[in-house]
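What's in input34.cif: mmCIF, C-alpha atoms
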```
data_final
loop_
_atom_site.label_atom_id
_atom_site.label_comp_id
_atom_site.auth_asym_id
_atom_site.auth_seq_id
_atom_site.Cartn_x
_atom_site.Cartn_y
_atom_site.Cartn_z
CA MET A 1 -10.05 -99.99 30.75
CA VAL A 2 -6.93 -99.60 28.65
CA GLN A 3 -8.96 -100.19 25.51
CA LEU A 4 -11.41 -97.48 26.62
CA CYS A 5 -8.55 -95.01 27.03
CA ALA A 6 -7.24 -95.94 23.61
CA TYR A 7 -10.64 -95.31 22.05
CA ALA A 8 -10.85 -91.94 23.83
CA PHE A 9 -7.39 -91.09 22.58
CA PHE A 10 -8.54 -91.99 19.04
CA VAL A 11 -11.59 -89.71 19.25
CA ALA A 12 -9.60 -86.82 20.74
CA LEU A 13 -6.94 -86.96 18.05
CA PHE A 14 -9.53 -87.18 15.30
CA SER A 15 -11.44 -84.17 16.64
CA ALA A 16 -8.33 -82.06 17.19
CA GLY A 17 -7.12 -82.60 13.64
CA CYS A 18 -10.41 -81.51 12.08
CA ALA A 19 -11.10 -78.45 14.26
CA GLU A 20 -11.05 -75.67 11.64
CA GLN A 21 -13.75 -76.81 9.29
CA GLU A 22 -17.46 -76.20 9.32
CA ILE A 23 -19.23 -79.33 8.23
CA GLY A 24 -22.82 -79.63 7.13
CA ASP A 25 -22.62 -83.08 5.68
CA PRO A 26 -21.83 -83.44 2.81
CA ILE A 27 -20.62 -79.84 2.54
CA ALA A 28 -17.56 -78.52 4.33
CA VAL A 29 -16.28 -74.95 4.23
CA ARG A 30 -12.75 -74.00 5.26
CA ASP A 31 -9.97 -71.44 5.00
CA ALA A 32 -12.30 -68.45 4.85
CA TRP A 33 -10.74 -64.99 4.99
CA ILE A 34 -11.58 -61.40 4.07
CA ARG A 35 -9.12 -59.06 2.40
CA GLU A 36 -8.73 -55.86 4.41
CA PRO A 37 -10.24 -53.22 2.12
CA PRO A 38 -8.98 -49.68 1.56
CA PRO A 39 -11.20 -47.05 3.19
CA ARG A 40 -14.75 -46.90 1.87
CA SER A 41 -14.17 -49.70 -0.63
CA PRO A 42 -15.96 -53.05 -0.72
CA ALA A 43 -14.17 -56.09 0.69
CA ALA A 44 -13.50 -59.41 -1.04
CA GLY A 45 -14.09 -62.72 0.74
CA TYR A 46 -12.46 -66.02 -0.08
CA LEU A 47 -13.00 -69.61 1.07
CA VAL A 48 -12.95 -73.25 0.01
CA ILE A 49 -16.13 -75.30 -0.35
CA GLU A 50 -15.73 -79.08 -0.29
CA ASN A 51 -18.49 -81.34 -1.53
CA ARG A 52 -18.07 -84.77 -0.02
CA GLY A 53 -21.38 -86.06 -1.27
CA GLY A 54 -22.62 -87.82 -4.35
CA ASP A 55 -24.60 -84.94 -5.83
CA SER A 56 -23.62 -81.46 -6.95
CA VAL A 57 -24.24 -78.71 -4.35
CA GLU A 58 -24.78 -75.01 -4.91
CA LEU A 59 -23.89 -72.01 -2.79
CA ILE A 60 -26.76 -69.61 -3.40
CA ALA A 61 -26.21 -66.83 -0.90
CA ALA A 62 -23.83 -65.38 1.65
CA GLU A 63 -24.63 -62.93 4.41
CA THR A 64 -22.76 -61.20 7.14
CA GLN A 65 -23.49 -58.64 9.84
CA ALA A 66 -20.39 -56.81 8.66
CA ALA A 67 -21.96 -55.69 5.37
CA GLU A 68 -25.37 -54.49 4.14
CA ARG A 69 -25.11 -56.67 1.08
CA THR A 70 -22.95 -59.66 0.13
CA GLU A 71 -22.82 -60.97 -3.40
CA ILE A 72 -21.11 -63.81 -5.22
CA HIS A 73 -18.94 -62.57 -8.07
CA ILE A 74 -17.40 -64.48 -10.92
CA MET A 75 -14.34 -63.26 -12.79
CA GLU A 76 -13.54 -64.22 -16.31
CA HIS A 77 -10.06 -63.40 -17.38
CA SER A 78 -8.76 -63.78 -20.90
CA ASN A 79 -6.22 -61.95 -23.05
CA GLY A 80 -5.53 -59.39 -20.35
CA ARG A 81 -9.18 -58.46 -20.09
CA MET A 82 -11.05 -59.00 -16.84
CA THR A 83 -14.82 -59.27 -16.72
CA MET A 84 -16.57 -59.47 -13.38
CA ARG A 85 -20.24 -60.22 -12.89
CA LYS A 86 -22.63 -61.08 -10.14
CA ALA A 87 -23.54 -64.76 -10.01
CA ASP A 88 -26.65 -66.33 -8.49
CA SER A 89 -24.79 -69.40 -7.34
CA VAL A 90 -21.57 -71.37 -7.29
CA SER A 91 -21.80 -75.08 -8.10
CA VAL A 92 -19.51 -77.64 -6.56
CA PRO A 93 -19.59 -81.00 -8.35
CA ALA A 94 -19.85 -84.19 -6.35
CA GLY A 95 -16.63 -85.18 -4.67
CA GLU A 96 -14.85 -81.94 -5.62
CA GLU A 97 -13.95 -78.65 -4.01
CA ILE A 98 -14.12 -75.11 -5.30
CA GLU A 99 -11.85 -72.35 -4.07
CA LEU A 100 -13.15 -68.81 -4.03
CA GLU A 101 -9.90 -66.94 -4.56
CA SER A 102 -8.27 -63.76 -5.76
CA GLY A 103 -8.68 -63.37 -9.52
CA GLY A 104 -11.50 -65.91 -9.52
CA THR A 105 -14.92 -66.35 -7.99
CA HIS A 106 -15.17 -64.51 -4.70
CA LEU A 107 -17.63 -62.95 -2.28
CA MET A 108 -18.15 -59.20 -2.36
CA LEU A 109 -19.01 -57.53 0.92
CA MET A 110 -20.59 -54.21 0.04
CA GLN A 111 -21.66 -51.20 2.10
CA LEU A 112 -19.62 -52.28 5.08
CA ARG A 113 -21.30 -51.45 8.36
CA GLN A 114 -17.99 -50.77 10.01
CA PRO A 115 -14.40 -50.50 8.74
CA LEU A 116 -12.73 -53.91 8.59
CA LYS A 117 -9.15 -54.14 9.82
CA ALA A 118 -6.65 -56.96 9.74
CA GLY A 119 -7.14 -59.01 12.90
CA ASP A 120 -10.94 -58.56 12.97
CA GLU A 121 -13.11 -61.63 12.57
CA VAL A 122 -16.25 -61.73 10.48
CA GLU A 123 -18.97 -64.36 10.68
CA LEU A 124 -20.20 -65.47 7.26
CA GLN A 125 -23.51 -67.30 6.88
CA LEU A 126 -23.57 -69.42 3.76
CA SER A 127 -26.76 -70.82 2.28
CA PHE A 128 -26.90 -73.76 -0.11
CA ALA A 129 -29.61 -74.85 -2.52
CA ASP A 130 -30.29 -78.04 -0.55
CA GLY A 131 -31.19 -76.02 2.53
CA THR A 132 -27.84 -76.38 4.28
CA GLN A 133 -26.81 -73.30 6.22
CA LEU A 134 -23.26 -72.99 7.46
CA LYS A 135 -21.59 -70.34 9.55
CA ILE A 136 -17.86 -69.79 9.40
CA MET A 137 -15.58 -67.26 11.01
CA ALA A 138 -13.42 -65.43 8.49
CA PRO A 139 -10.41 -63.46 9.74
CA VAL A 140 -9.64 -60.15 8.05
CA ARG A 141 -6.13 -60.13 6.62
CA LYS A 142 -3.95 -57.81 4.63
CA GLY A 143 -3.92 -59.95 1.54
CA GLY A 144 -1.83 -59.67 -1.58
CA TYR A 145 1.86 -59.28 -0.89
CA ALA A 146 1.80 -57.38 2.37
CA SER A 147 4.79 -58.23 4.48
CA ASN A 148 2.73 -58.35 7.70
CA MET B 1 -4.21 -110.66 21.61
CA ARG B 2 -5.54 -107.68 23.64
CA ARG B 3 -2.12 -105.98 23.56
CA ILE B 4 -1.97 -106.20 19.76
CA ASN B 5 -5.47 -104.66 19.49
CA ILE B 6 -4.46 -101.65 21.60
CA TRP B 7 -1.36 -100.93 19.53
CA LEU B 8 -3.35 -101.32 16.32
CA LEU B 9 -5.92 -98.86 17.65
CA CYS B 10 -3.26 -96.31 18.61
CA CYS B 11 -1.64 -96.61 15.19
CA CYS B 12 -5.04 -96.07 13.55
CA ALA B 13 -5.67 -93.05 15.77
CA LEU B 14 -2.33 -91.54 14.83
CA ALA B 15 -2.98 -92.18 11.15
CA CYS B 16 -6.38 -90.49 11.42
CA ALA B 17 -4.93 -87.52 13.23
CA LEU B 18 -2.25 -87.08 10.60
CA ALA B 19 -4.84 -87.39 7.83
CA CYS B 20 -6.97 -84.70 9.46
CA ALA B 21 -4.05 -82.42 10.17
CA ASP B 22 -4.48 -78.78 9.18
CA PRO B 23 -3.41 -78.10 5.63
CA PRO B 24 -0.55 -75.65 5.19
CA ASP B 25 -1.65 -72.09 5.91
CA PRO B 26 -3.26 -70.88 2.67
CA VAL B 27 -2.62 -67.21 3.34
CA GLU B 28 -0.21 -65.81 0.80
CA THR B 29 3.04 -65.87 2.73
CA PRO B 30 5.31 -62.89 2.09
CA ALA B 31 7.92 -63.60 -0.53
CA ALA B 32 11.25 -64.53 0.97
CA GLN B 33 13.72 -61.70 1.19
CA THR B 34 16.02 -63.92 -0.81
CA ALA B 35 13.56 -64.11 -3.72
CA PRO B 36 13.52 -67.34 -5.74
CA ALA B 37 15.58 -67.16 -8.91
CA VAL B 38 13.40 -66.21 -11.87
CA GLU B 39 14.27 -66.54 -15.49
CA VAL B 40 14.12 -62.92 -16.58
CA PRO B 41 12.55 -62.29 -19.98
CA PRO B 42 14.20 -59.50 -21.98
CA LEU B 43 12.81 -55.99 -22.28
CA GLN B 44 10.76 -55.29 -25.38
CA ASP B 45 10.07 -52.25 -27.51
CA TYR B 46 6.31 -51.87 -27.72
CA GLY B 47 6.44 -49.15 -30.32
CA GLY B 48 2.77 -49.41 -31.23
CA ILE B 49 1.35 -48.63 -27.80
CA GLY B 50 1.88 -46.07 -25.09
CA GLY B 51 2.84 -42.46 -25.28
CA ASP B 52 2.32 -39.33 -23.25
CA PHE B 53 -1.00 -38.05 -21.99
CA SER B 54 -2.44 -35.23 -19.87
CA LEU B 55 -4.45 -36.17 -16.80
CA VAL B 56 -4.88 -34.84 -13.27
CA ASP B 57 -3.30 -36.37 -10.16
CA GLN B 58 -4.80 -36.90 -6.72
CA GLN B 59 -3.61 -33.47 -5.58
CA GLY B 60 -5.61 -31.94 -8.39
CA GLU B 61 -2.45 -31.04 -10.32
CA PRO B 62 -1.95 -31.66 -14.03
CA PHE B 63 0.22 -34.66 -14.79
CA ALA B 64 2.00 -35.88 -17.91
CA LEU B 65 4.62 -38.63 -18.33
CA LYS B 66 7.33 -36.04 -18.72
CA ASP B 67 6.67 -35.06 -15.11
CA LEU B 68 8.35 -38.29 -14.08
CA ASP B 69 11.68 -36.50 -14.57
CA GLY B 70 13.56 -39.49 -15.89
CA ARG B 71 12.02 -42.09 -13.58
CA ALA B 72 10.69 -45.35 -14.95
CA ALA B 73 7.07 -46.22 -14.13
CA MET B 74 4.64 -49.07 -13.70
CA LEU B 75 1.30 -47.99 -15.14
CA PHE B 76 -2.04 -49.74 -14.86
CA PHE B 77 -5.75 -49.04 -15.12
CA GLY B 78 -8.26 -49.61 -12.35
CA TYR B 79 -10.75 -47.97 -10.02
CA THR B 80 -11.16 -47.62 -6.28
CA PHE B 81 -14.37 -49.66 -6.04
CA CYS B 82 -12.45 -52.61 -7.47
CA PRO B 83 -12.51 -55.32 -4.79
CA ASP B 84 -9.81 -57.69 -5.86
CA ILE B 85 -7.54 -56.99 -8.85
CA CYS B 86 -6.59 -53.40 -8.04
CA PRO B 87 -5.78 -53.93 -4.34
CA VAL B 88 -3.72 -56.98 -5.29
CA THR B 89 -1.75 -55.07 -7.92
CA LEU B 90 -1.06 -52.18 -5.54
CA SER B 91 0.01 -54.60 -2.78
CA LYS B 92 2.21 -56.37 -5.30
CA MET B 93 3.88 -53.05 -6.14
CA GLY B 94 4.68 -52.65 -2.44
CA ARG B 95 6.59 -55.90 -2.62
CA VAL B 96 8.29 -54.86 -5.87
CA TYR B 97 9.62 -51.75 -4.12
CA GLN B 98 11.00 -53.88 -1.28
CA LEU B 99 12.79 -56.09 -3.80
CA LEU B 100 14.20 -53.07 -5.65
CA GLY B 101 15.75 -51.79 -2.45
CA GLU B 102 17.69 -48.58 -2.95
CA ARG B 103 16.47 -48.23 -6.56
CA GLU B 104 12.84 -47.90 -5.51
CA GLU B 105 12.89 -44.14 -5.96
CA ASP B 106 13.65 -44.62 -9.63
CA LEU B 107 10.27 -46.24 -10.27
CA ALA B 108 6.89 -44.51 -10.02
CA THR B 109 3.52 -46.25 -9.79
CA LEU B 110 0.82 -44.71 -11.95
CA PHE B 111 -2.77 -45.77 -11.25
CA ILE B 112 -5.15 -44.46 -13.92
CA SER B 113 -8.78 -44.54 -12.93
CA VAL B 114 -11.33 -45.77 -15.44
CA ASP B 115 -14.16 -44.50 -13.21
CA PRO B 116 -14.30 -40.70 -13.54
CA GLU B 117 -17.64 -40.42 -11.81
CA ARG B 118 -16.60 -41.91 -8.47
CA ASP B 119 -12.84 -41.52 -8.51
CA THR B 120 -12.37 -37.88 -7.69
CA ALA B 121 -8.96 -36.54 -6.64
CA GLU B 122 -10.05 -36.85 -3.00
CA LYS B 123 -11.13 -40.46 -3.38
CA LEU B 124 -7.91 -41.40 -5.16
CA LYS B 125 -5.86 -39.68 -2.48
CA GLU B 126 -7.59 -41.58 0.32
CA TYR B 127 -7.44 -44.91 -1.53
CA LEU B 128 -3.80 -44.70 -2.54
CA ALA B 129 -2.69 -43.47 0.88
CA TYR B 130 -3.86 -46.83 2.23
CA PHE B 131 -1.28 -48.66 0.12
CA ASP B 132 1.46 -46.29 1.20
CA ILE B 133 3.72 -46.70 -1.83
CA GLY B 134 3.62 -43.11 -3.05
CA ALA B 135 1.45 -44.12 -6.01
CA ILE B 136 0.27 -41.37 -8.32
CA GLY B 137 -3.46 -41.55 -8.98
CA LEU B 138 -4.61 -40.11 -12.27
CA HIS B 139 -8.06 -39.21 -13.45
CA GLY B 140 -9.74 -37.31 -16.24
CA ASP B 141 -13.06 -37.04 -18.01
CA LYS B 142 -14.43 -39.88 -20.11
CA SER B 143 -12.94 -38.68 -23.39
CA GLN B 144 -9.50 -38.30 -21.83
CA ILE B 145 -9.64 -41.77 -20.27
CA ASP B 146 -10.91 -43.28 -23.53
CA GLU B 147 -7.96 -41.73 -25.33
CA VAL B 148 -5.29 -42.89 -22.88
CA ILE B 149 -6.61 -46.40 -22.55
CA GLY B 150 -6.83 -46.62 -26.32
CA GLN B 151 -3.19 -45.50 -26.60
CA TYR B 152 -2.19 -48.34 -24.31
CA GLY B 153 -4.23 -50.97 -26.11
CA GLY B 154 -6.42 -51.40 -23.06
CA HIS B 155 -10.11 -51.68 -22.49
CA TYR B 156 -12.77 -50.84 -19.95
CA SER B 157 -16.55 -51.05 -19.83
CA PHE B 158 -19.39 -50.96 -17.37
CA ASP B 159 -23.14 -51.25 -17.15
CA LYS B 160 -24.66 -48.77 -14.83
CA GLU B 161 -28.11 -47.42 -14.27
CA GLU B 162 -28.86 -43.77 -13.72
CA GLY B 163 -27.91 -42.86 -10.17
CA GLN B 164 -26.38 -46.26 -9.40
CA THR B 165 -23.30 -45.97 -7.18
CA ASP B 166 -22.29 -49.59 -6.65
CA TYR B 167 -21.51 -50.62 -10.22
CA PHE B 168 -18.42 -52.55 -11.21
CA VAL B 169 -16.08 -51.77 -14.08
CA ASP B 170 -14.45 -54.37 -16.29
CA HIS B 171 -10.94 -53.33 -17.27
CA SER B 172 -7.64 -54.45 -18.71
CA THR B 173 -5.36 -56.03 -16.19
CA TYR B 174 -1.97 -55.49 -17.78
CA THR B 175 0.68 -53.49 -15.94
CA TYR B 176 2.93 -51.57 -18.30
CA LEU B 177 6.63 -50.97 -17.51
CA ILE B 178 7.57 -47.59 -18.96
CA ASP B 179 11.18 -46.50 -19.31
CA GLU B 180 12.64 -43.06 -18.63
CA LYS B 181 11.91 -42.03 -22.22
CA GLY B 182 8.23 -42.85 -21.74
CA LYS B 183 8.34 -45.99 -23.88
CA VAL B 184 6.52 -49.21 -22.98
CA ARG B 185 9.16 -51.91 -22.45
CA PHE B 186 7.20 -54.76 -20.84
CA LEU B 187 3.64 -55.95 -20.27
CA PHE B 188 3.02 -57.77 -17.01
CA ARG B 189 -0.01 -59.97 -16.60
CA GLN B 190 -2.12 -60.06 -13.46
CA SER B 191 -0.63 -63.47 -12.68
CA ASP B 192 2.99 -62.21 -12.81
CA GLY B 193 4.53 -61.98 -9.37
CA PRO B 194 6.55 -59.20 -7.74
CA GLU B 195 9.83 -61.11 -8.19
CA LEU B 196 9.43 -61.10 -11.97
CA MET B 197 8.34 -57.47 -12.02
CA ALA B 198 11.32 -56.39 -9.92
CA ALA B 199 13.75 -58.47 -11.97
CA VAL B 200 12.57 -57.00 -15.27
CA THR B 201 12.75 -53.48 -13.81
CA GLN B 202 16.31 -54.16 -12.62
CA GLN B 203 17.18 -54.89 -16.25
CA LEU B 204 15.97 -51.42 -17.15
CA PHE B 205 18.21 -49.93 -14.46
CA ALA B 206 21.15 -52.10 -15.50
CA ASN B 207 20.86 -50.75 -19.03
CA GLY B 208 21.77 -47.42 -17.53
CA GLU B 209 18.22 -46.15 -17.80
#
```
Since I need it in another form, could you write the structure as structure tokens?
Amino acid sequence: MVQLCAYAFFVALFSAGCAEQEIGDPIAVRDAWIREPPPRSPAAGYLVIENRGGDSVELIAAETQAAERTEIHIMEHSNGRMTMRKADSVSVPAGEEIELESGGTHLMLMQLRQPLKAGDEVELQLSFADGTQLKIMAPVRKGGYASN
Amino acid sequence: MRRINIWLLCCCALACALACADPPDPVETPAAQTAPAVEVPPLQDYGGIGGDFSLVDQQGEPFALKDLDGRAAMLFFGYTFCPDICPVTLSKMGRVYQLLGEREEDLATLFISVDPERDTAEKLKEYLAYFDIGAIGLHGDKSQIDEVIGQYGGHYSFDKEEGQTDYFVDHSTYTYLIDEKGKVRFLFRQSDGPELMAAVTQQLFANGE
């Protein structure tokens, strides 16, 4: 009986610690958020994709009810010059993680269906080349250096 | 024997829980009011770039550097459809003003649009109001923008089809610190933080400028 309780305790702790990730073995997505956009501007989305498997995985699409169109964008930055272009996919090598972040690769939410404000939550549906589909909730935040 | 197994199990459970613990919040936390000490690089004299120009602000009024009336300025190029770089820079300027405290009125923010087709005075007004830092939005026709960006050693380009409204513009990401004489004194990179930008600006003020 005591051993049973200990096992239950073990499972509960394990589950509680891993609550904020979406896992579609071997892919896990975490820390998603959307930057609150200025009025009538597109919004940028950021997240971390972990690949816990033995083969490379590829994010090939992202969708959300919040926007008519969502694209993956890559930024190349050198010598003070920034080039941004639409990408068909983002690859995550085996055993590694890729962060979609400000100044780097990010999602672009375009033609927003409603204004997005800090505190809102947006559901992102992510599709991978191997058929994995993951949904993750992304809070809208005032990003950058806002003091709130 | 049974007692040892239970303790071992609980220790394992605790270890697992700690291993799975949430990582530190990745959201950019606001810089501490007591900003970390930064090594402040000296002001420069970028004689080969910069200079005055004539554009139009978001109220539709003509604007030239001399209209700053002795204020220093942070100048950068961007556009309102920019999803990442431009909002970050404008937010960063908000933090710079906080760090400058009572001297914030001595520094203007000049946002020059490289997207004359979409960035009308109205659009700039609405966009910049969101950031609430009193930024001056400047626009002009293509030849005027080409001239100003050339003066500042910058660059912009875009591919757009006829009638397309959702195109993106590649552009320089430097922010130029301009002194009260209209001279470029520092080039900040996109990766430079508000503490550095405020500290360099304070040098300008300390020089009695």
Could you list, as an mmCIF file with C-alpha atoms, in the frame of the given file, every residue within 8 Å of Thr70 of chain A, counting all atoms listed in the file and ignoring same-chain residues fewer than 2 positions away?
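File result_28.cif, as written:
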```cif
data_model
loop_
_atom_site.group_PDB
_atom_site.id
_atom_site.type_symbol
_atom_site.label_atom_id
_atom_site.label_comp_id
_atom_site.auth_asym_id
_atom_site.auth_seq_id
_atom_site.Cartn_x
_atom_site.Cartn_y
_atom_site.Cartn_z
ATOM 1 C CA ALA A 61 -26.210 -66.830 -0.900
ATOM 2 C CA ALA A 62 -23.830 -65.380 1.650
ATOM 3 C CA GLU A 63 -24.630 -62.930 4.410
ATOM 4 C CA THR A 64 -22.760 -61.200 7.140
ATOM 5 C CA ALA A 67 -21.960 -55.690 5.370
ATOM 6 C CA GLU A 68 -25.370 -54.490 4.140
ATOM 7 C CA ILE A 72 -21.110 -63.810 -5.220
ATOM 8 C CA LEU A 107 -17.630 -62.950 -2.280
ATOM 9 C CA MET A 108 -18.150 -59.200 -2.360
ATOM 10 C CA LEU A 109 -19.010 -57.530 0.920
ATOM 11 C CA MET A 110 -20.590 -54.210 0.040
#
```
Point-to-point distance from atom CA of Phe131 of chain B to atom CA of Glu117 of chain B, Å rounded to tenths: 21.9 Å
So which one's closest to chain B, A:Asp120, A:Asp31, A:Glu50, A:Asp88? Using all atoms listed in the file, please.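 Smallest distance to chain B is found for A:Asp31.
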The PyMOL selection byres ((chain B and resi 41-43) around 9) resolved against shown file, as JSON, numbers by chain: {"B": [39, 40, 44, 45, 185, 186, 196, 199, 200, 201, 203, 204]}
Take the residues just selected and output them with C-alpha atoms as a PDB file, in the coordinates of the input.
```pdb
ATOM      1  CA  GLU B  39      14.270 -66.540 -15.490  1.00  0.00           C
ATOM      2  CA  VAL B  40      14.120 -62.920 -16.580  1.00  0.00           C
ATOM      3  CA  GLN B  44      10.760 -55.290 -25.380  1.00  0.00           C
ATOM      4  CA  ASP B  45      10.070 -52.250 -27.510  1.00  0.00           C
ATOM      5  CA  ARG B 185       9.160 -51.910 -22.450  1.00  0.00           C
ATOM      6  CA  PHE B 186       7.200 -54.760 -20.840  1.00  0.00           C
ATOM      7  CA  LEU B 196       9.430 -61.100 -11.970  1.00  0.00           C
ATOM      8  CA  ALA B 199      13.750 -58.470 -11.970  1.00  0.00           C
ATOM      9  CA  VAL B 200      12.570 -57.000 -15.270  1.00  0.00           C
ATOM     10  CA  THR B 201      12.750 -53.480 -13.810  1.00  0.00           C
ATOM     11  CA  GLN B 203      17.180 -54.890 -16.250  1.00  0.00           C
ATOM     12  CA  LEU B 204      15.970 -51.420 -17.150  1.00  0.00           C
TER      13      LEU B 204
END
```
Separation of atom CA of His171 of chain B and atom CA of Ser157 of chain B, in Å?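 Atom-to-atom, atom CA of His171 of chain B and atom CA of Ser157 of chain B are spaced 6.6 Å apart.
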Counting all atoms listed in the file, which of B:Pro83, B:Gly193, B:Gly137, B:Gly153 gets nearest to chain A?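 Ranked by minimum distance to chain A, first place goes to B:Pro83.
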Residues near Gly182 of chain B, anyone? I mean within 12 Å using all atoms listed in the file, not counting same-chain ones fewer than 5 positions away, as a PDB file with C-alpha atoms, keeping the file's coordinate frame.
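Result file follows (around24.pdb):
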```
ATOM      1  CA  ASP B  45      10.070 -52.250 -27.510  1.00  0.00           C
ATOM      2  CA  TYR B  46       6.310 -51.870 -27.720  1.00  0.00           C
ATOM      3  CA  GLY B  47       6.440 -49.150 -30.320  1.00  0.00           C
ATOM      4  CA  ILE B  49       1.350 -48.630 -27.800  1.00  0.00           C
ATOM      5  CA  GLY B  50       1.880 -46.070 -25.090  1.00  0.00           C
ATOM      6  CA  GLY B  51       2.840 -42.460 -25.280  1.00  0.00           C
ATOM      7  CA  ASP B  52       2.320 -39.330 -23.250  1.00  0.00           C
ATOM      8  CA  PHE B  53      -1.000 -38.050 -21.990  1.00  0.00           C
ATOM      9  CA  ALA B  64       2.000 -35.880 -17.910  1.00  0.00           C
ATOM     10  CA  LEU B  65       4.620 -38.630 -18.330  1.00  0.00           C
ATOM     11  CA  LYS B  66       7.330 -36.040 -18.720  1.00  0.00           C
ATOM     12  CA  ASP B  67       6.670 -35.060 -15.110  1.00  0.00           C
ATOM     13  CA  LEU B  68       8.350 -38.290 -14.080  1.00  0.00           C
ATOM     14  CA  ASP B  69      11.680 -36.500 -14.570  1.00  0.00           C
ATOM     15  CA  GLY B  70      13.560 -39.490 -15.890  1.00  0.00           C
ATOM     16  CA  ARG B  71      12.020 -42.090 -13.580  1.00  0.00           C
ATOM     17  CA  ALA B  72      10.690 -45.350 -14.950  1.00  0.00           C
ATOM     18  CA  ALA B  73       7.070 -46.220 -14.130  1.00  0.00           C
ATOM     19  CA  MET B  74       4.640 -49.070 -13.700  1.00  0.00           C
ATOM     20  CA  LEU B  75       1.300 -47.990 -15.140  1.00  0.00           C
ATOM     21  CA  ALA B 108       6.890 -44.510 -10.020  1.00  0.00           C
ATOM     22  CA  TYR B 176       2.930 -51.570 -18.300  1.00  0.00           C
ATOM     23  CA  LEU B 177       6.630 -50.970 -17.510  1.00  0.00           C
ATOM     24  CA  GLU B 209      18.220 -46.150 -17.800  1.00  0.00           C
TER      25      GLU B 209
END
```
So how far away is atom CA of His73 of chain A from atom CA of Arg52 of chain A, in Å?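 That distance, rounded to one decimal, is 23.6 Å.
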Please enumerate the residues selected by the PyMOL selection byres ((chain A and resi 101) around 12) when evaluated against the supplied file, formatted as a ChimeraX atom specification. /A:31-35,44-49,72-75,98-100,102-108,143-144 /B:26-28,83-85,88
For Phe81 of chain B, the nearest of the candidates A:Ala66, A:Gln111, A:Tyr145, A:Asp25, counting only C-alpha atoms: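 Going through A:Ala66, A:Gln111, A:Tyr145, A:Asp25 one by one, the smallest distance to Phe81 of chain B is for A:Gln111.
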Nearest to chain B, chosen from A:Arg69, A:Arg40, A:Thr83, A:Glu58, with all atoms listed in the file counted in the distances: A:Thr83
Pick the closest to chain B from A:Asp55, A:Glu123, A:Glu36, A:Asp130: which is it, counting only C-alpha atoms?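 The answer is A:Glu36, which sits nearest to chain B.
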Tell me which protein, DNA and RNA residues are within 8 Å of Ser127 of chain A, counting all atoms listed in the file, leaving out same-chain ones fewer than 4 positions away, and put them as a PyMOL selection string. chain A and resi 59-62+131-134
With all atoms of segment 121-126 of chain A from the file as input, state the centre and edge lengths in Å to one decimal of the axis-aligned box that has 8 Å extra on each side, as JSON.
```
{"center_x": -18.3, "center_y": -65.5, "center_z": 8.2, "size_x": 26.5, "size_y": 23.8, "size_z": 24.8}
```
